[in-house]
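A quick write-up on the structure given underneath.
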Amino acid sequence: MNQPGIRRRRATDLDGCVAALALVHEADRYPLNWPADPHRWLREPRPARAWVAVDADGAVVGHVAVHRLPDRADGPLARPTAEVARLFVAPGARGLALGSALLARARRWASKRGTDLVLDVADGDAAAVALYERTGWRCTGTSTAPWTAPDGSPVSLRHYASPAGHQRRSPSSLC
């Protein structure tokens, strides 16, 4: 496979994004809970920006979004902050460093805007944890998700800050 290109997501990409996401869910159980409306899940909360990786045939093989975070209840953040969300790469396009490339694209966007990036990942998602740590993200703590796994059990989350970011969370315990 030739190296896919990364571009800003278009509304017309959503069907392709859902198709790729279904393959990822089947292979990796991401998202842990399949959304009732995956098109809506990809669109909400309204992303500040979203990108797709597309192959030579125009098929979506990867996705990432950034969502602006509101100021915390205990006061504004030192800098604007956005959350990396909905990052996935279709199984057939793995091994091409697309996860790293999509993260780098989000970081360039944030850097141009003076925005820090954070993200959350389920503690059991070893491949995602490895990607974030390999690309310099810093684990700032853990917590229990406000949602549960399909079997109703609690989900432990790891919180990360981008390599250029500052610690913005009060972690319940460091990773």
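Every chain in the structure tokens takes a letter, A first, then B, and so on in the order presented; its residues are numbered from 1, and the ligands are numbered from 1 following the presented order.
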
Residues at most 12 Å from Leu23 of chain A, counting only C-alpha atoms, excluding those fewer than 2 positions away in the same chain, as an MDAnalysis selection string? chainID A and resid 16:21 25:31 34 60:62 88:93

DSSP says strand (DSSP E) for which residues of segment 14-135 of chain A? Put them as an mmCIF file with C-alpha atoms, in the first residue's frame?
data_model
loop_
_atom_site.group_PDB
_atom_site.id
_atom_site.type_symbol
_atom_site.label_atom_id
_atom_site.label_comp_id
_atom_site.auth_asym_id
_atom_site.auth_seq_id
_atom_site.Cartn_x
_atom_site.Cartn_y
_atom_site.Cartn_z
ATOM 1 C CA ARG A 49 -10.876 20.075 13.588
ATOM 2 C CA ALA A 50 -10.779 16.515 12.248
ATOM 3 C CA TRP A 51 -8.533 14.817 9.705
ATOM 4 C CA VAL A 52 -8.619 11.577 7.766
ATOM 5 C CA ALA A 53 -5.934 9.429 6.224
ATOM 6 C CA VAL A 54 -6.994 8.294 2.754
ATOM 7 C CA VAL A 60 -10.621 6.398 4.615
ATOM 8 C CA VAL A 61 -8.025 4.351 6.506
ATOM 9 C CA GLY A 62 -7.474 6.580 9.537
ATOM 10 C CA HIS A 63 -9.043 9.395 11.535
ATOM 11 C CA VAL A 64 -8.321 11.848 14.334
ATOM 12 C CA ALA A 65 -10.225 14.800 15.791
ATOM 13 C CA VAL A 66 -9.477 17.514 18.316
ATOM 14 C CA HIS A 67 -12.191 18.930 20.562
ATOM 15 C CA ARG A 68 -11.755 22.186 22.439
ATOM 16 C CA THR A 81 -6.678 23.141 25.650
ATOM 17 C CA ALA A 82 -8.089 20.620 23.218
ATOM 18 C CA GLU A 83 -8.563 16.880 23.492
ATOM 19 C CA VAL A 84 -7.361 14.425 20.882
ATOM 20 C CA ALA A 85 -10.248 12.060 20.218
ATOM 21 C CA ARG A 86 -11.518 9.436 17.812
ATOM 22 C CA LEU A 87 -8.037 8.353 16.726
ATOM 23 C CA PHE A 88 -8.042 5.106 14.785
ATOM 24 C CA VAL A 89 -6.284 3.387 11.890
ATOM 25 C CA ASP A 116 -2.202 22.367 24.591
ATOM 26 C CA LEU A 117 -3.396 18.851 23.805
ATOM 27 C CA VAL A 118 -4.559 16.121 26.154
ATOM 28 C CA LEU A 119 -6.143 12.727 25.608
ATOM 29 C CA ASP A 120 -7.622 9.823 27.502
ATOM 30 C CA VAL A 121 -7.176 6.155 26.693
ATOM 31 C CA ALA A 122 -8.616 3.022 28.255
#

Can you work out the spacing between atom CA of Ser100 of chain A and atom CA of Pro154 of chain A in Å, to one decimal? 28.6 Å

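The closest residue to Gly152 of chain A, picked from A:Pro80, A:Arg7, A:Leu32, A:Val24 and counting only C-alpha atoms, is A:Leu32.
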
Can you check which residues of segment 6-162 of chain A DSSP gives as helix (DSSP H, G or I) on the backbone and send them as an NGL selection string? :A and (11-28 or 38-43 or 91-93 or 98-112 or 126-134)

Residue neighbourhood Arg158 of chain A, 9 Å, only C-alpha atoms, exclusion window fewer than 2 positions, as a VMD selection string: chain A and resid 119 to 123 129 139 to 144 156 160 174 to 175

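Between atom CA of Arg43 of chain A and atom CA of Gly5 of chain A lies a distance of 21.1 Å.
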
Can you measure atom CA of Ala145 of chain A to atom CA of Leu157 of chain A for me? One decimal in Å is fine.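 Spanning atom CA of Ala145 of chain A to atom CA of Leu157 of chain A is a straight-line distance of 6.1 Å.
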